[in-house]
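Content type mmCIF, C-alpha atoms, from the file upload-v6.cif:
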data_my_file
loop_
_atom_site.label_atom_id
_atom_site.label_comp_id
_atom_site.auth_asym_id
_atom_site.auth_seq_id
_atom_site.Cartn_x
_atom_site.Cartn_y
_atom_site.Cartn_z
CA MET A 214 26.43 108.60 -30.56
CA ALA A 215 25.73 107.37 -27.09
CA MET A 216 28.33 104.82 -26.04
CA GLU A 217 28.17 102.57 -23.00
CA GLY A 218 31.06 102.91 -20.58
CA GLY A 219 31.70 106.59 -21.31
CA LYS A 220 31.53 108.82 -24.35
CA SER A 221 33.70 111.34 -26.19
CA PRO A 222 32.68 115.02 -26.50
CA TYR A 223 31.60 114.49 -30.09
CA SER A 224 28.92 112.01 -29.06
CA ALA A 225 26.88 114.56 -27.12
CA ALA A 226 25.95 116.55 -30.23
CA ALA A 227 24.08 113.63 -31.73
CA SER A 228 23.13 111.54 -28.73
CA GLU A 229 19.46 111.82 -29.65
CA VAL A 230 20.12 110.16 -32.97
CA GLN A 231 21.37 107.05 -31.21
CA GLN A 232 19.23 107.01 -28.08
CA ASN A 233 17.10 104.13 -29.38
CA GLN A 234 19.98 102.18 -30.83
CA SER A 235 22.37 100.10 -28.78
CA SER A 236 25.98 101.10 -29.36
CA PRO A 237 29.24 99.29 -28.75
CA ARG A 238 31.14 99.97 -25.55
CA LYS A 239 33.55 102.84 -26.01
CA SER A 240 37.10 102.44 -24.79
CA THR A 241 39.14 105.40 -23.57
CA PRO A 242 41.94 106.32 -26.02
CA PRO A 243 45.48 106.76 -24.73
CA PRO A 244 45.98 110.39 -23.55
CA ASP A 245 49.02 110.99 -25.77
CA ASN A 246 47.03 110.08 -28.88
CA VAL A 247 44.10 112.28 -27.86
CA GLU A 248 46.30 115.36 -27.49
CA LYS A 249 48.39 114.76 -30.60
CA GLU A 250 47.71 117.02 -33.60
CA THR A 251 46.67 114.95 -36.60
CA HIS A 252 44.28 114.99 -39.58
CA LEU A 253 41.63 112.99 -41.40
CA ARG A 254 40.69 113.14 -45.09
CA PHE A 255 37.50 111.90 -46.72
CA LEU A 256 35.49 112.46 -49.90
CA LEU A 257 32.50 114.70 -50.57
CA SER A 258 30.47 115.23 -53.71
CA ASN A 259 30.25 118.82 -54.98
CA ALA A 260 26.73 119.07 -53.59
CA GLU A 261 27.87 117.82 -50.19
CA ALA A 262 30.86 120.18 -50.24
CA GLY A 263 28.53 123.10 -50.96
CA SER A 264 26.37 122.11 -48.01
CA VAL A 265 29.37 121.93 -45.69
CA ILE A 266 30.70 125.32 -46.86
CA GLY A 267 27.36 127.12 -46.59
CA LYS A 268 26.47 130.56 -47.84
CA GLY A 269 29.55 132.74 -47.75
CA GLY A 270 31.38 130.06 -45.77
CA SER A 271 29.02 130.43 -42.81
CA THR A 272 28.49 126.72 -42.17
CA ILE A 273 32.13 125.68 -42.35
CA ASN A 274 33.06 128.56 -40.04
CA ASP A 275 30.42 127.44 -37.53
CA ILE A 276 31.68 123.85 -37.63
CA GLN A 277 35.26 125.01 -37.05
CA SER A 278 34.19 127.20 -34.15
CA GLN A 279 32.11 124.47 -32.50
CA SER A 280 34.65 121.69 -32.97
CA GLY A 281 37.96 123.50 -32.60
CA ALA A 282 39.19 121.75 -35.77
CA ARG A 283 40.55 123.27 -38.95
CA ILE A 284 38.74 122.28 -42.16
CA GLN A 285 40.15 122.50 -45.69
CA LEU A 286 38.50 121.52 -48.98
CA SER A 287 40.14 120.77 -52.30
CA ARG A 288 39.18 122.99 -55.23
CA ASN A 289 36.61 121.93 -57.82
CA PHE A 290 39.19 120.44 -60.18
CA GLU A 291 41.10 118.66 -57.41
CA CYS A 292 39.12 115.42 -57.35
CA PHE A 293 40.16 112.04 -56.05
CA PRO A 294 41.34 110.02 -59.08
CA GLY A 295 38.57 108.01 -60.69
CA THR A 296 35.81 110.08 -59.08
CA SER A 297 34.21 113.50 -59.37
CA ASP A 298 34.49 113.97 -55.60
CA ARG A 299 36.45 116.56 -53.69
CA ILE A 300 38.62 115.90 -50.64
CA ILE A 301 37.98 117.43 -47.24
CA MET A 302 40.71 117.48 -44.60
CA VAL A 303 39.93 118.00 -40.93
CA SER A 304 42.90 118.84 -38.67
CA GLY A 305 43.34 119.12 -34.92
CA THR A 306 43.39 116.82 -31.92
CA VAL A 307 41.52 113.52 -32.14
CA ASP A 308 38.59 114.99 -30.20
CA ASN A 309 38.54 118.14 -32.37
CA ILE A 310 38.43 116.01 -35.51
CA LEU A 311 35.71 113.69 -34.21
CA ASN A 312 33.60 116.67 -33.17
CA ALA A 313 33.90 118.19 -36.65
CA VAL A 314 33.28 114.92 -38.52
CA ASN A 315 30.21 114.25 -36.42
CA LEU A 316 28.81 117.71 -37.21
CA ILE A 317 29.55 117.27 -40.92
CA LEU A 318 28.07 113.78 -41.24
CA SER A 319 25.01 114.72 -39.18
CA LYS A 320 24.34 117.66 -41.48
CA LEU A 321 24.75 115.57 -44.62
CA LEU A 322 22.48 112.84 -43.26
CA ASP A 323 19.76 115.39 -42.50
CA GLU A 324 20.00 117.04 -45.92
CA PHE A 325 20.68 114.14 -48.27
CA TYR A 326 19.77 110.83 -46.67
CA ALA A 327 17.05 111.15 -44.06
CA GLU A 328 13.60 110.26 -45.40
CA ASP A 329 10.69 112.39 -44.22
CA GLY A 330 8.98 110.71 -41.29
CA GLY A 331 11.53 107.91 -41.16
CA GLU A 332 11.84 106.22 -37.77
CA VAL A 333 14.95 104.19 -38.58
CA ASP A 334 18.37 105.82 -38.52
CA PRO A 335 19.48 106.11 -42.15
CA GLU A 336 22.61 104.30 -43.25
CA SER A 337 25.23 105.90 -45.44
CA LYS A 338 28.90 105.59 -46.39
CA THR A 339 31.95 107.68 -45.64
CA ARG A 340 35.04 107.16 -47.78
CA LEU A 341 38.24 107.96 -45.92
CA VAL A 342 41.41 108.71 -47.86
CA VAL A 343 44.29 106.78 -46.29
CA PRO A 344 47.93 106.46 -47.45
CA ASN A 345 48.89 103.02 -48.76
CA SER A 346 51.62 102.83 -46.14
CA SER A 347 49.10 103.28 -43.31
CA CYS A 348 46.59 100.68 -44.46
CA GLY A 349 48.53 97.77 -42.96
CA GLY A 350 47.92 99.15 -39.49
CA ILE A 351 44.18 99.09 -40.15
CA ILE A 352 44.10 95.64 -41.76
CA GLY A 353 46.42 93.77 -39.37
CA LYS A 354 47.93 90.33 -39.80
CA GLY A 355 45.47 88.13 -41.62
CA GLY A 356 42.85 90.90 -41.35
CA ALA A 357 42.71 90.59 -37.56
CA ILE A 358 42.62 94.34 -36.82
CA ILE A 359 39.96 95.26 -39.37
CA ARG A 360 37.73 92.43 -38.10
CA SER A 361 38.16 93.75 -34.58
CA LEU A 362 37.27 97.29 -35.70
CA MET A 363 34.10 96.05 -37.38
CA GLU A 364 33.06 94.00 -34.36
CA ASP A 365 33.63 96.94 -32.02
CA SER A 366 31.89 99.55 -34.17
CA ARG A 367 29.30 97.31 -35.90
CA ALA A 368 30.08 99.24 -39.09
CA SER A 369 31.17 97.76 -42.39
CA ILE A 370 34.77 98.67 -43.26
CA LYS A 371 36.22 97.97 -46.70
CA ILE A 372 39.63 98.98 -48.04
CA SER A 373 40.08 99.40 -51.78
CA PRO A 374 42.97 97.61 -53.51
CA GLN A 375 45.91 99.60 -54.78
CA ASP A 376 44.99 101.09 -58.15
CA ASN A 377 47.25 100.38 -61.10
CA TYR A 378 45.41 102.91 -63.31
CA TYR A 379 47.18 105.76 -61.52
CA PRO A 380 50.87 104.96 -60.91
CA GLY A 381 51.43 108.17 -58.92
CA LEU A 382 48.51 107.56 -56.57
CA HIS A 383 49.66 106.68 -53.06
CA ASP A 384 46.28 106.69 -51.32
CA ARG A 385 43.49 104.16 -50.96
CA LEU A 386 39.84 104.51 -49.98
CA VAL A 387 38.59 103.08 -46.70
CA THR A 388 34.80 102.90 -46.95
CA VAL A 389 32.91 102.94 -43.64
CA ALA A 390 29.19 102.12 -43.87
CA GLY A 391 26.42 102.02 -41.31
CA ALA A 392 24.28 104.28 -39.14
CA LEU A 393 25.84 107.50 -37.87
CA GLY A 394 26.84 106.11 -34.48
CA GLU A 395 28.44 103.05 -36.06
CA GLN A 396 30.35 105.15 -38.56
CA MET A 397 31.59 107.55 -35.90
CA ARG A 398 32.84 104.71 -33.72
CA ALA A 399 34.64 103.11 -36.68
CA ILE A 400 36.16 106.44 -37.73
CA GLU A 401 37.38 107.02 -34.18
CA LEU A 402 39.04 103.59 -34.04
CA ILE A 403 40.63 104.05 -37.48
CA LEU A 404 41.89 107.53 -36.60
CA LEU A 405 43.51 106.22 -33.43
CA LYS A 406 45.30 103.58 -35.50
CA LEU A 407 46.49 106.23 -37.96
CA VAL A 408 47.83 108.43 -35.16
CA GLU A 409 50.02 105.52 -34.06
CA ASP A 410 51.72 105.56 -37.50
CA GLN A 411 54.80 107.76 -37.15
CA TYR A 412 54.76 108.66 -40.85
CA TYR A 413 51.04 109.43 -41.19
CA HIS A 414 51.33 113.08 -40.09
CA GLN A 415 53.61 113.85 -43.06
CA TYR A 416 50.68 113.56 -45.47
CA ALA A 417 49.04 116.66 -43.97
CA ASN A 418 51.66 118.75 -45.76
CA ALA A 419 50.20 117.85 -49.18
CA PRO A 420 46.55 116.96 -48.51
CA PHE A 421 45.27 117.40 -52.08
CA PRO A 422 47.96 116.12 -54.49
CA TYR A 423 45.48 115.22 -57.21
CA ALA A 424 45.42 118.24 -59.52
CA ALA A 425 47.89 116.52 -61.86
CA PHE A 426 45.37 113.72 -62.40
CA GLY A 427 42.81 116.17 -63.80
CA GLY A 428 39.23 116.82 -62.72
CA VAL A 429 37.05 113.81 -63.31
CA ASN A 430 39.57 111.06 -63.86
CA TYR A 431 39.33 108.03 -66.09
CA GLY A 432 41.44 104.99 -66.85
CA PRO A 433 42.99 103.96 -70.19
CA ASN A 434 40.93 104.51 -73.35
CA GLY A 435 38.43 106.66 -71.48
CA VAL A 436 37.27 103.79 -69.27
CA GLY A 437 36.58 104.83 -65.70
CA GLY A 438 39.02 103.62 -63.07
CA LYS A 439 37.89 101.11 -60.48
CA TYR A 440 37.14 103.84 -57.92
CA GLN A 441 34.41 105.15 -60.19
CA ASN A 442 32.11 102.34 -59.11
CA ASN A 443 32.32 103.50 -55.50
CA ARG A 444 30.02 106.38 -56.30
CA PRO A 445 27.67 106.63 -59.28
CA SER A 446 27.51 109.70 -61.50
CA PRO A 447 25.98 112.65 -59.60
CA ILE A 448 22.45 112.46 -60.95
CA LYS A 449 22.31 108.69 -60.61
CA LEU A 450 23.41 109.09 -57.00
CA SER A 451 20.32 111.15 -56.19
CA GLY A 452 17.94 108.33 -57.14
CA ALA A 453 15.57 110.90 -58.67
CA ARG A 454 14.11 110.92 -62.17
CA ILE A 455 14.86 114.11 -64.08
CA LYS A 456 13.12 115.29 -67.24
CA ILE A 457 14.07 118.43 -69.19
CA SER A 458 11.64 120.01 -71.63
CA GLU A 459 12.48 119.96 -75.35
CA ARG A 460 14.40 122.81 -76.97
CA GLY A 461 12.00 125.67 -77.62
CA ASP A 462 9.54 124.42 -74.98
CA PHE A 463 9.89 127.22 -72.46
CA MET A 464 8.14 128.12 -69.22
CA SER A 465 5.30 130.51 -69.96
CA GLY A 466 6.53 134.06 -70.44
CA THR A 467 10.23 133.11 -70.15
CA SER A 468 13.05 131.69 -72.22
CA ASP A 469 13.74 129.05 -69.55
CA ARG A 470 13.25 125.34 -70.12
CA LYS A 471 11.42 123.27 -67.55
CA VAL A 472 13.14 120.66 -65.38
CA THR A 473 10.86 118.13 -63.70
CA ILE A 474 12.25 116.10 -60.78
CA THR A 475 10.33 113.15 -59.39
CA GLY A 476 11.20 110.71 -56.60
CA SER A 477 11.37 110.61 -52.83
CA GLN A 478 11.80 113.84 -50.88
CA ARG A 479 15.41 112.86 -50.15
CA ALA A 480 16.11 112.16 -53.82
CA ILE A 481 14.49 115.42 -54.93
CA ARG A 482 16.44 117.50 -52.40
CA LEU A 483 19.71 115.85 -53.43
CA ALA A 484 19.04 116.29 -57.15
CA GLU A 485 18.06 119.94 -56.68
CA SER A 486 21.26 120.60 -54.76
CA MET A 487 23.39 118.89 -57.41
CA ILE A 488 21.72 120.82 -60.24
CA SER A 489 22.15 124.12 -58.37
CA GLN A 490 25.84 123.36 -57.82
CA LYS A 491 26.29 122.56 -61.50
CA VAL A 492 24.51 125.71 -62.64
CA ALA A 493 26.55 127.82 -60.22
CA SER A 494 29.83 126.35 -61.43
CA VAL A 495 28.93 127.03 -65.07
CA THR A 496 27.82 130.59 -64.24
CA GLU A 497 31.16 131.31 -62.56
CA ARG A 498 33.13 130.46 -65.70
#
Show me, as structure tokens, the structure contained in the file I just sent.
Amino acid sequence: MAMEGGKSPYSAAASEVQQNQSSPRKSTPPPDNVEKETHLRFLLSNAEAGSVIGKGGSTINDIQSQSGARIQLSRNFECFPGTSDRIIMVSGTVDNILNAVNLILSKLLDEFYAEDGGEVDPESKTRLVVPNSSCGGIIGKGGAIIRSLMEDSRASIKISPQDNYYPGLHDRLVTVAGALGEQMRAIELILLKLVEDQYYHQYANAPFPYAAFGGVNYGPNGVGGKYQNNRPSPIKLSGARIKISERGDFMSGTSDRKVTITGSQRAIRLAESMISQKVASVTER
């Protein structure tokens, strides 16, 4: 993301993406915050997690090598309460983390969001996982800080309310939406605010405390918690239409049923990836 008035190392990797889009002026972070070891957590669907990991872990190893950050992913059953999404934690200095997040989001945009032949930078959302106790530093008195962050980054930033469905849940979702450059600027500003919180680093010791909530989590009486609306069910998320042949209607010469996927190229690629992930997880059992 090309930024006027200077740019961080992470911006060089995707400067071409933003070359035709004006970006907010980038301020220089305080040196002590840049060098401080910290972390950032956000959510990924299973399909997105598979893309980030890569075959035999090749992609995640490349991202770690290029960025200098450490990347950890929660296991399949360790989902954020109210969702079917896993948690990824990126650790290192601020620059290490921003490098890694930029590489991850760029890859996901290319694979799941970019339309073939599209000239406009696609917009997407990144849902950061932030401790309740740290959210005040992002919101500010009367919402002054969050308004400033949105004006600077030009991204949309929304913080979920505390969820009463899960009494033991001490995290909230901070949803950042916009083009890649806007998201990266907002994430940088948010991360710098989190680094200023003297208690924030303690949460790196237990990055995925959600196993006790179960896999896909629901509220009372089987009703989905309020976070569920942040991301639709996996197949709905793809935007594709999926049709499976009737029982006994097999592909010629096989005992395999036919799955027909229709929609945009982006939707088809996303649906195919989700189906492959699901089949792989069932095969492993």
Resolved residues for the PyMOL selection byres ((chain A and resi 296-305) around 6) as number ranges by chain: A: 250-258, 282-287, 292-295, 306, 309-310, 429, 441
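Atom CA of Arg385 of chain A is positioned 15.4 Å from atom CA of Ala417 of chain A.
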Option closest in space to Ile273 of chain A, from A:Ile488, A:Ala399, A:Leu311, A:Lys320 [counting only C-alpha atoms]: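 Comparing A:Ile488, A:Ala399, A:Leu311, A:Lys320 against Ile273 of chain A, the winner is A:Lys320.
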Selection result for the PyMOL selection byres ((chain A and resi 384) around 6) on this file, as a PyMOL selection string: chain A and resi 343-345+382-383+385
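Using all atoms listed in the file, the smallest distance between any of A:Met487, A:Ile403, A:Ala453, A:Ala368 and Glu261 of chain A comes from A:Met487.
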Straight-line distance linking atom CA of Thr388 of chain A with atom CA of Asn312 of chain A, stated in Å to one decimal: 19.5 Å
Coordinates-based distance that separates atom CA of Val408 of chain A from atom CA of Ile351 of chain A (Å, one decimal): 11.2 Å
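With only C-alpha atoms as the atoms that count, the minimum distance from Arg360 of chain A to the choices A:Val307, A:Leu402, A:Lys338, A:Ser264 is reached by A:Leu402.
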Nearest-residue call for Ser346 of chain A, choices A:Met363, A:Ala484, A:Ile317, A:Leu407, using only C-alpha atoms: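 With only C-alpha atoms as the atom set, the closest residue is A:Leu407.
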Nearest-residue call for Cys348 of chain A, choices A:Ile276, A:Leu404, A:Ala390, A:Ile457, using only C-alpha atoms: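 Result for the nearest residue to Cys348 of chain A: A:Leu404.
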Taking the file as I've supplied it (selection: the PyMOL selection byres ((chain A and resi 386) around 6)), which residues are included? Please answer as a tab-separated table (two decimals) with C-alpha atoms, in the coordinates of the input.
chain	number	residue	atom	x	y	z
A	340	ARG	CA	35.04	107.16	-47.78
A	341	LEU	CA	38.24	107.96	-45.92
A	342	VAL	CA	41.41	108.71	-47.86
A	372	ILE	CA	39.63	98.98	-48.04
A	373	SER	CA	40.08	99.40	-51.78
A	385	ARG	CA	43.49	104.16	-50.96
A	387	VAL	CA	38.59	103.08	-46.70
Nearest residue to Tyr413 of chain A from the set A:Gly350, A:Gly466, A:Pro374, A:Gly267 (distances using all atoms listed in the file): A:Gly350
Shell around segment 468-474 of chain A at 6 Å using only C-alpha atoms, local window under 6 positions removed, as a list in words: Arg454, Ile455, Lys456, Ile457 and Ser458 of chain A
Any chance you can output those residues with C-alpha atoms as an mmCIF file, in the coordinates of the input?
data_model
loop_
_atom_site.group_PDB
_atom_site.id
_atom_site.type_symbol
_atom_site.label_atom_id
_atom_site.label_comp_id
_atom_site.auth_asym_id
_atom_site.auth_seq_id
_atom_site.Cartn_x
_atom_site.Cartn_y
_atom_site.Cartn_z
ATOM 1 C CA ARG A 454 14.110 110.920 -62.170
ATOM 2 C CA ILE A 455 14.860 114.110 -64.080
ATOM 3 C CA LYS A 456 13.120 115.290 -67.240
ATOM 4 C CA ILE A 457 14.070 118.430 -69.190
ATOM 5 C CA SER A 458 11.640 120.010 -71.630
#
Segment 321-424 of chain A dumped to file, C-alpha atoms, as a PDB file, in the first residue's frame:
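Result went into part_6.pdb, see below:
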ATOM      1  CA  LEU A 321      -6.657 -14.309   0.157  1.00  0.00           C
ATOM      2  CA  LEU A 322      -7.800 -11.403  -2.005  1.00  0.00           C
ATOM      3  CA  ASP A 323      -6.220 -12.982  -5.087  1.00  0.00           C
ATOM      4  CA  GLU A 324      -7.728 -16.405  -4.415  1.00  0.00           C
ATOM      5  CA  PHE A 325     -11.162 -15.618  -2.992  1.00  0.00           C
ATOM      6  CA  TYR A 326     -12.203 -12.066  -3.808  1.00  0.00           C
ATOM      7  CA  ALA A 327     -10.605 -10.757  -6.982  1.00  0.00           C
ATOM      8  CA  GLU A 328     -12.897 -11.003 -10.000  1.00  0.00           C
ATOM      9  CA  ASP A 329     -11.308 -12.004 -13.299  1.00  0.00           C
ATOM     10  CA  GLY A 330     -10.502  -8.905 -15.318  1.00  0.00           C
ATOM     11  CA  GLY A 331     -11.600  -6.575 -12.539  1.00  0.00           C
ATOM     12  CA  GLU A 332     -10.023  -3.120 -12.673  1.00  0.00           C
ATOM     13  CA  VAL A 333     -11.229  -1.962  -9.262  1.00  0.00           C
ATOM     14  CA  ASP A 334      -9.444  -3.087  -6.113  1.00  0.00           C
ATOM     15  CA  PRO A 335     -11.770  -5.567  -4.391  1.00  0.00           C
ATOM     16  CA  GLU A 336     -13.060  -4.755  -0.932  1.00  0.00           C
ATOM     17  CA  SER A 337     -13.165  -7.303   1.852  1.00  0.00           C
ATOM     18  CA  LYS A 338     -13.296  -7.551   5.638  1.00  0.00           C
ATOM     19  CA  THR A 339     -10.791  -8.613   8.250  1.00  0.00           C
ATOM     20  CA  ARG A 340     -12.069  -9.464  11.724  1.00  0.00           C
ATOM     21  CA  LEU A 341      -9.496  -8.820  14.413  1.00  0.00           C
ATOM     22  CA  VAL A 342      -9.818 -10.534  17.786  1.00  0.00           C
ATOM     23  CA  VAL A 343      -9.216  -7.955  20.523  1.00  0.00           C
ATOM     24  CA  PRO A 344      -9.522  -8.334  24.329  1.00  0.00           C
ATOM     25  CA  ASN A 345     -12.435  -6.460  25.892  1.00  0.00           C
ATOM     26  CA  SER A 346     -10.003  -4.578  28.094  1.00  0.00           C
ATOM     27  CA  SER A 347      -8.118  -3.220  25.071  1.00  0.00           C
ATOM     28  CA  CYS A 348     -11.137  -2.001  23.112  1.00  0.00           C
ATOM     29  CA  GLY A 349     -11.396   1.259  25.063  1.00  0.00           C
ATOM     30  CA  GLY A 350      -8.043   2.352  23.674  1.00  0.00           C
ATOM     31  CA  ILE A 351      -9.374   1.873  20.146  1.00  0.00           C
ATOM     32  CA  ILE A 352     -12.748   3.542  20.749  1.00  0.00           C
ATOM     33  CA  GLY A 353     -11.609   6.559  22.781  1.00  0.00           C
ATOM     34  CA  LYS A 354     -13.744   9.005  24.724  1.00  0.00           C
ATOM     35  CA  GLY A 355     -17.008   9.494  22.897  1.00  0.00           C
ATOM     36  CA  GLY A 356     -15.642   7.437  19.983  1.00  0.00           C
ATOM     37  CA  ALA A 357     -13.000  10.064  19.187  1.00  0.00           C
ATOM     38  CA  ILE A 358     -10.143   7.612  18.544  1.00  0.00           C
ATOM     39  CA  ILE A 359     -12.055   5.213  16.308  1.00  0.00           C
ATOM     40  CA  ARG A 360     -13.327   8.141  14.216  1.00  0.00           C
ATOM     41  CA  SER A 361      -9.760   9.355  13.842  1.00  0.00           C
ATOM     42  CA  LEU A 362      -8.600   5.871  12.786  1.00  0.00           C
ATOM     43  CA  MET A 363     -11.309   5.678  10.134  1.00  0.00           C
ATOM     44  CA  GLU A 364     -10.516   9.143   8.797  1.00  0.00           C
ATOM     45  CA  ASP A 365      -6.807   8.354   8.591  1.00  0.00           C
ATOM     46  CA  SER A 366      -7.184   4.919   6.993  1.00  0.00           C
ATOM     47  CA  ARG A 367     -10.427   5.489   5.037  1.00  0.00           C
ATOM     48  CA  ALA A 368     -11.471   2.007   6.162  1.00  0.00           C
ATOM     49  CA  SER A 369     -14.657   1.113   7.996  1.00  0.00           C
ATOM     50  CA  ILE A 370     -13.984  -0.033  11.579  1.00  0.00           C
ATOM     51  CA  LYS A 371     -16.712  -1.614  13.703  1.00  0.00           C
ATOM     52  CA  ILE A 372     -16.366  -3.141  17.165  1.00  0.00           C
ATOM     53  CA  SER A 373     -18.839  -5.811  18.241  1.00  0.00           C
ATOM     54  CA  PRO A 374     -20.640  -5.420  21.577  1.00  0.00           C
ATOM     55  CA  GLN A 375     -19.742  -7.680  24.464  1.00  0.00           C
ATOM     56  CA  ASP A 376     -21.560 -10.983  24.011  1.00  0.00           C
ATOM     57  CA  ASN A 377     -23.745 -12.229  26.845  1.00  0.00           C
ATOM     58  CA  TYR A 378     -24.228 -15.635  25.169  1.00  0.00           C
ATOM     59  CA  TYR A 379     -20.736 -16.665  26.246  1.00  0.00           C
ATOM     60  CA  PRO A 380     -19.988 -15.557  29.833  1.00  0.00           C
ATOM     61  CA  GLY A 381     -16.382 -16.777  29.655  1.00  0.00           C
ATOM     62  CA  LEU A 382     -15.603 -14.916  26.440  1.00  0.00           C
ATOM     63  CA  HIS A 383     -13.252 -11.982  27.018  1.00  0.00           C
ATOM     64  CA  ASP A 384     -12.652 -10.994  23.397  1.00  0.00           C
ATOM     65  CA  ARG A 385     -14.538  -8.885  20.891  1.00  0.00           C
ATOM     66  CA  LEU A 386     -14.360  -8.645  17.106  1.00  0.00           C
ATOM     67  CA  VAL A 387     -13.032  -5.513  15.448  1.00  0.00           C
ATOM     68  CA  THR A 388     -14.141  -5.642  11.807  1.00  0.00           C
ATOM     69  CA  VAL A 389     -12.016  -3.650   9.351  1.00  0.00           C
ATOM     70  CA  ALA A 390     -13.487  -3.266   5.852  1.00  0.00           C
ATOM     71  CA  GLY A 391     -12.203  -1.660   2.690  1.00  0.00           C
ATOM     72  CA  ALA A 392      -9.619  -2.107  -0.050  1.00  0.00           C
ATOM     73  CA  LEU A 393      -6.336  -3.762   0.880  1.00  0.00           C
ATOM     74  CA  GLY A 394      -4.420  -0.513   1.393  1.00  0.00           C
ATOM     75  CA  GLU A 395      -7.171   0.907   3.584  1.00  0.00           C
ATOM     76  CA  GLN A 396      -7.352  -2.243   5.676  1.00  0.00           C
ATOM     77  CA  MET A 397      -3.596  -2.392   6.133  1.00  0.00           C
ATOM     78  CA  ARG A 398      -3.438   1.228   7.272  1.00  0.00           C
ATOM     79  CA  ALA A 399      -6.285   0.655   9.746  1.00  0.00           C
ATOM     80  CA  ILE A 400      -4.690  -2.547  11.051  1.00  0.00           C
ATOM     81  CA  GLU A 401      -1.393  -0.725  11.534  1.00  0.00           C
ATOM     82  CA  LEU A 402      -3.062   2.074  13.507  1.00  0.00           C
ATOM     83  CA  ILE A 403      -5.041  -0.401  15.637  1.00  0.00           C
ATOM     84  CA  LEU A 404      -1.951  -2.511  16.321  1.00  0.00           C
ATOM     85  CA  LEU A 405      -0.022   0.553  17.474  1.00  0.00           C
ATOM     86  CA  LYS A 406      -2.846   1.352  19.891  1.00  0.00           C
ATOM     87  CA  LEU A 407      -2.803  -2.225  21.211  1.00  0.00           C
ATOM     88  CA  VAL A 408       0.962  -2.127  21.756  1.00  0.00           C
ATOM     89  CA  GLU A 409       0.453   0.884  24.026  1.00  0.00           C
ATOM     90  CA  ASP A 410      -1.766  -1.258  26.306  1.00  0.00           C
ATOM     91  CA  GLN A 411       0.519  -2.655  29.012  1.00  0.00           C
ATOM     92  CA  TYR A 412      -1.721  -5.689  29.550  1.00  0.00           C
ATOM     93  CA  TYR A 413      -2.290  -6.610  25.889  1.00  0.00           C
ATOM     94  CA  HIS A 414       0.863  -8.743  25.563  1.00  0.00           C
ATOM     95  CA  GLN A 415      -0.416 -11.142  28.251  1.00  0.00           C
ATOM     96  CA  TYR A 416      -3.036 -12.513  25.859  1.00  0.00           C
ATOM     97  CA  ALA A 417      -0.331 -14.022  23.638  1.00  0.00           C
ATOM     98  CA  ASN A 418       0.169 -16.701  26.290  1.00  0.00           C
ATOM     99  CA  ALA A 419      -3.279 -18.193  25.593  1.00  0.00           C
ATOM    100  CA  PRO A 420      -4.099 -17.189  22.003  1.00  0.00           C
ATOM    101  CA  PHE A 421      -6.801 -19.818  21.361  1.00  0.00           C
ATOM    102  CA  PRO A 422      -8.837 -20.268  24.570  1.00  0.00           C
ATOM    103  CA  TYR A 423     -11.972 -21.348  22.747  1.00  0.00           C
ATOM    104  CA  ALA A 424     -11.856 -25.153  22.779  1.00  0.00           C
TER     105      ALA A 424
END
